[in-house]
Amino acid sequence: MPKSFLIDTSRCTACRGCQIACKEWHELPANKTRQLGTHQNPPDLNPHNYKLVRFSESLENGKINWYFFPDQCRHCIDPPCRGEAEGFMEGAIIQDEKTGSVLFTELTAKLTPEACEAVRAACPYDIPRRNDQSGLLTKCTMCFERVSRGMLPACVNVCPTGTMNFGERADMLELAQKRLAAAKKIYPNAVLVDAESVNAIFLLFDEPQKYHPHAVAGLSGGLDRKQFLTRIFAPLRRPMQRVVRA
Ligand code: SF4
Ligand code: SF4
């Protein structure tokens, strides 16, 4: 059985330790950024941030609510990104059988920018980002090099609040049910997100759309207009790309 994360947002304080640990472990360079009037920084996932603590706030009945969402690849059990990439180049995206981690390989650098867009559009959680310098598609790796040696992912290792959890999928599913039952006593809207189809399971204590438009697969249609058009035209592009490479 693969490994899974349980990301319990009811415990998240948005310290961003996970975000920094991820950058440090993967030796990702700093982003040129600036304060945009929100705790969320940088403003989005990018080739140098595989992990991003998203932040949103809402005013309801005179009360301000804060929502923290440590976003990352969900390591889908049947990953749509891999299915899409295989239409362009076999081996560009692979899945490790033992851990369940979905890995973007160096072959992604050989995908055209249009093919990368199609792969991006296939992801229901809006995760992959293309590094325009190297051409590589990037995202969370489940810290495969650590996990395959029995270590915890860097982001889980540093989390001081119990938000980030990782282990055997059966154990994480059991923990998820326990945490959900506890959260529901305080937050009746608490929910586990897409637990049956992903290996990074989020526990949210309020409605998913309050956190992030892509918190759940299919939320708001899941795709923006650009992504929708990319997906529609992707099948027309593939035969041409195969001919070019032949
Ligand atoms: S979340 Fe997106 S990038 Fe990650 S495995 Fe699923 S489809 Fe692929
Ligand atoms: S598992 Fe590793 S690569 Fe993925 S978000 Fe955590 S630290 Fe980053």
# chains A, B, ... in the order shown; residues from 1 in each chain; ligands from 1
>>> residues_near_ligand(ligand="ligand 2", cutoff="6 Å", atoms="only C-alpha atoms and all ligand atoms", output="VMD selection string")
chain A and resid 22 50 to 51 72 140 to 143 153 to 155
>>> residues_near_ligand(ligand="ligand 1", cutoff="9 Å", atoms="only C-alpha atoms and all ligand atoms", output="PyMOL selection string")
chain A and resi 72-83+93+95+101-104+119-128+138-140+198-200
>>> residues_around(residues="Cys15 of chain A", least_positions_apart="3", cutoff="12 Å", atoms="only C-alpha atoms", output="list in words")
Arg11, Cys12, Cys18, Gln19, Ile20, Ala21, His39, Gln40, Asn41, Leu52, Val53, Arg54, Phe55, Phe68, Phe69, Pro70, Cys155, Val158, Cys159, Pro160, Thr161 and Thr163 of chain A
>>> residues_around(residues="His48 of chain A", least_positions_apart="4", cutoff="8 Å", atoms="only C-alpha atoms", output="ChimeraX atom specification")
/A:23,28-31
>>> write_last_selection(atoms="N, CA and C atoms", output="short mmCIF file (atom, residue, chain, number, x, y, z; two decimals), in the first residue's frame")
data_model
loop_
_atom_site.label_atom_id
_atom_site.label_comp_id
_atom_site.auth_asym_id
_atom_site.auth_seq_id
_atom_site.Cartn_x
_atom_site.Cartn_y
_atom_site.Cartn_z
N LYS A 23 11.82 24.33 0.47
CA LYS A 23 12.80 25.09 -0.33
C LYS A 23 14.23 24.69 0.05
N LEU A 28 16.07 25.16 -3.47
CA LEU A 28 15.38 26.02 -4.43
C LEU A 28 15.72 27.47 -4.14
N PRO A 29 16.00 28.24 -5.16
CA PRO A 29 16.40 29.64 -4.92
C PRO A 29 15.24 30.50 -4.43
N ALA A 30 15.61 31.64 -3.87
CA ALA A 30 14.59 32.59 -3.39
C ALA A 30 13.85 33.19 -4.59
N ASN A 31 12.63 33.62 -4.33
CA ASN A 31 11.86 34.33 -5.37
C ASN A 31 12.00 35.82 -5.13
#
>>> atom_distance(atom1="atom CA of Asn165 of chain A", atom2="atom CA of Ser58 of chain A")
27.1 Å
>>> select_by_dssp(residues="segment 65-110 of chain A", states="helix (DSSP H, G or I)", output="PyMOL selection string")
chain A and resi 80-86+106-110
>>> closest_atom_pairs(of="segment 4-88 of chain A", to="segment 202-218 of chain A", cutoff="7 Å", atoms="only C-alpha atoms", output="tab-separated table")
residue	atom	partner	partner_atom	distance
A:Leu6	CA	A:Phe202	CA	6.0
A:Ile7	CA	A:Phe202	CA	4.7
A:Asp8	CA	A:Leu203	CA	4.7
A:Thr9	CA	A:Leu204	CA	5.6
A:Ser10	CA	A:Phe205	CA	6.0
A:Ser56	CA	A:Tyr211	CA	6.1
A:Tyr67	CA	A:Tyr211	CA	5.6
A:Phe68	CA	A:Tyr211	CA	6.9
A:Phe69	CA	A:Tyr211	CA	6.5
>>> atom_distance(atom1="atom CA of Ile186 of chain A", atom2="atom CA of Ala170 of chain A")
25.4 Å
>>> closest_residue(among="A:Tyr187, A:Phe5, A:Phe166, A:Phe144", to="Asp71 of chain A", atoms="only C-alpha atoms")
A:Phe5
>>> residues_around(residues="Arg169 of chain A", least_positions_apart="3", cutoff="7 Å", atoms="only C-alpha atoms", output="list in words")
Met1, Pro2, Lys3, Ser4, Met172 and Leu173 of chain A
>>> select_by_dssp(residues="segment 5-232 of chain A", states="strand (DSSP E)", output="ChimeraX atom specification")
/A:5-8,52-60,63-71,93-95,102-104,129-130,137-138,164-168,191-193,200-204
>>> write_last_selection(atoms="N, CA and C atoms", output="CSV table (one decimal), in the first residue's frame")
chain,number,residue,atom,x,y,z
A,5,PHE,N,-0.1,11.5,2.9
A,5,PHE,CA,-0.1,12.6,3.8
A,5,PHE,C,-1.5,12.8,4.4
A,6,LEU,N,-1.5,13.2,5.7
A,6,LEU,CA,-2.8,13.8,6.2
A,6,LEU,C,-2.4,15.3,6.5
A,7,ILE,N,-3.1,16.2,5.9
A,7,ILE,CA,-2.8,17.6,6.2
A,7,ILE,C,-4.0,18.2,6.9
A,8,ASP,N,-3.8,18.4,8.2
A,8,ASP,CA,-4.9,18.7,9.1
A,8,ASP,C,-4.9,20.2,9.3
A,52,LEU,N,3.2,25.8,-0.8
A,52,LEU,CA,2.8,27.2,-0.6
A,52,LEU,C,1.7,27.2,0.4
A,53,VAL,N,1.9,27.9,1.5
A,53,VAL,CA,0.8,28.1,2.5
A,53,VAL,C,-0.1,29.2,2.0
A,54,ARG,N,-1.3,28.8,1.4
A,54,ARG,CA,-2.2,29.7,0.9
A,54,ARG,C,-3.0,30.3,2.1
A,55,PHE,N,-3.4,31.6,1.9
A,55,PHE,CA,-4.1,32.3,3.0
A,55,PHE,C,-5.3,33.0,2.4
A,56,SER,N,-6.5,32.9,3.1
A,56,SER,CA,-7.6,33.7,2.7
A,56,SER,C,-8.4,34.0,3.9
A,57,GLU,N,-9.1,35.1,3.9
A,57,GLU,CA,-9.9,35.5,5.0
A,57,GLU,C,-11.3,36.0,4.6
A,58,SER,N,-12.2,35.8,5.4
A,58,SER,CA,-13.6,36.2,5.1
A,58,SER,C,-14.2,36.9,6.3
A,59,LEU,N,-15.2,37.7,6.0
A,59,LEU,CA,-15.9,38.4,7.1
A,59,LEU,C,-17.3,37.9,7.1
A,60,GLU,N,-17.7,37.2,8.2
A,60,GLU,CA,-19.1,36.6,8.3
A,60,GLU,C,-19.7,37.0,9.6
A,63,LYS,N,-17.5,38.7,12.0
A,63,LYS,CA,-16.4,37.9,12.5
A,63,LYS,C,-15.4,37.6,11.4
A,64,ILE,N,-14.1,37.9,11.6
A,64,ILE,CA,-13.1,37.6,10.6
A,64,ILE,C,-12.7,36.1,10.8
A,65,ASN,N,-12.7,35.4,9.6
A,65,ASN,CA,-12.2,34.0,9.7
A,65,ASN,C,-10.9,33.9,8.8
A,66,TRP,N,-10.0,33.2,9.3
A,66,TRP,CA,-8.7,33.0,8.5
A,66,TRP,C,-8.7,31.5,8.1
A,67,TYR,N,-8.2,31.3,6.9
A,67,TYR,CA,-8.1,29.9,6.3
A,67,TYR,C,-6.7,29.7,5.8
A,68,PHE,N,-6.0,28.7,6.3
A,68,PHE,CA,-4.6,28.4,5.9
A,68,PHE,C,-4.6,27.1,5.2
A,69,PHE,N,-3.9,27.0,4.0
A,69,PHE,CA,-4.0,25.8,3.2
A,69,PHE,C,-2.6,25.5,2.6
A,70,PRO,N,-1.9,24.6,3.3
A,70,PRO,CA,-0.5,24.3,2.8
A,70,PRO,C,-0.5,23.5,1.5
A,71,ASP,N,-0.6,24.2,0.4
A,71,ASP,CA,-0.9,23.6,-0.9
A,71,ASP,C,0.3,22.8,-1.4
A,93,ILE,N,6.3,11.6,-16.9
A,93,ILE,CA,5.7,11.5,-15.6
A,93,ILE,C,5.5,10.1,-15.2
A,94,ILE,N,6.1,9.7,-14.0
A,94,ILE,CA,6.0,8.3,-13.6
A,94,ILE,C,5.4,8.3,-12.2
A,95,GLN,N,5.1,7.1,-11.8
A,95,GLN,CA,4.6,6.9,-10.4
A,95,GLN,C,5.3,5.7,-9.8
A,102,VAL,N,4.1,10.6,-7.3
A,102,VAL,CA,4.1,10.9,-8.7
A,102,VAL,C,5.2,11.8,-9.0
A,103,LEU,N,6.1,11.4,-10.0
A,103,LEU,CA,7.4,12.1,-10.2
A,103,LEU,C,7.5,12.7,-11.6
A,104,PHE,N,7.8,13.9,-11.7
A,104,PHE,CA,8.1,14.5,-13.0
A,104,PHE,C,9.6,14.3,-13.3
A,129,ARG,N,4.0,23.5,-12.4
A,129,ARG,CA,4.5,24.8,-12.9
A,129,ARG,C,5.7,24.5,-13.8
A,130,ARG,N,5.8,25.2,-14.9
A,130,ARG,CA,6.9,25.0,-15.8
A,130,ARG,C,8.0,26.0,-15.5
A,137,LEU,N,9.0,20.6,-15.9
A,137,LEU,CA,7.8,20.8,-15.2
A,137,LEU,C,8.1,20.5,-13.7
A,138,THR,N,7.6,21.3,-12.8
A,138,THR,CA,8.0,21.1,-11.4
A,138,THR,C,6.8,21.0,-10.5
A,164,MET,N,1.0,18.6,9.4
A,164,MET,CA,1.6,17.7,8.4
A,164,MET,C,1.9,16.3,9.0
A,165,ASN,N,1.2,15.3,8.5
A,165,ASN,CA,1.4,13.9,8.9
A,165,ASN,C,1.7,13.1,7.7
A,166,PHE,N,2.5,12.0,7.9
A,166,PHE,CA,2.9,11.2,6.7
A,166,PHE,C,3.1,9.7,7.2
A,167,GLY,N,2.7,8.8,6.4
A,167,GLY,CA,3.0,7.4,6.8
A,167,GLY,C,2.3,6.4,5.9
A,168,GLU,N,2.1,5.2,6.3
A,168,GLU,CA,1.4,4.2,5.5
A,168,GLU,C,0.0,4.7,5.3
A,191,VAL,N,-14.4,18.5,6.8
A,191,VAL,CA,-14.5,17.5,5.7
A,191,VAL,C,-13.1,17.0,5.4
A,192,LEU,N,-13.0,15.7,4.9
A,192,LEU,CA,-11.8,15.2,4.3
A,192,LEU,C,-11.9,15.3,2.8
A,193,VAL,N,-10.9,15.8,2.1
A,193,VAL,CA,-11.0,16.1,0.7
A,193,VAL,C,-10.5,15.0,-0.2
A,200,ALA,N,-2.4,12.8,-0.8
A,200,ALA,CA,-2.3,14.0,0.1
A,200,ALA,C,-3.7,14.4,0.5
A,201,ILE,N,-4.1,13.9,1.7
A,201,ILE,CA,-5.5,14.1,2.1
A,201,ILE,C,-5.6,15.4,3.0
A,202,PHE,N,-6.4,16.3,2.6
A,202,PHE,CA,-6.6,17.5,3.4
A,202,PHE,C,-7.8,17.4,4.3
A,203,LEU,N,-7.6,17.8,5.6
A,203,LEU,CA,-8.8,17.9,6.5
A,203,LEU,C,-9.1,19.4,6.5
A,204,LEU,N,-10.2,19.8,6.1
A,204,LEU,CA,-10.6,21.2,6.1
A,204,LEU,C,-11.7,21.4,7.2
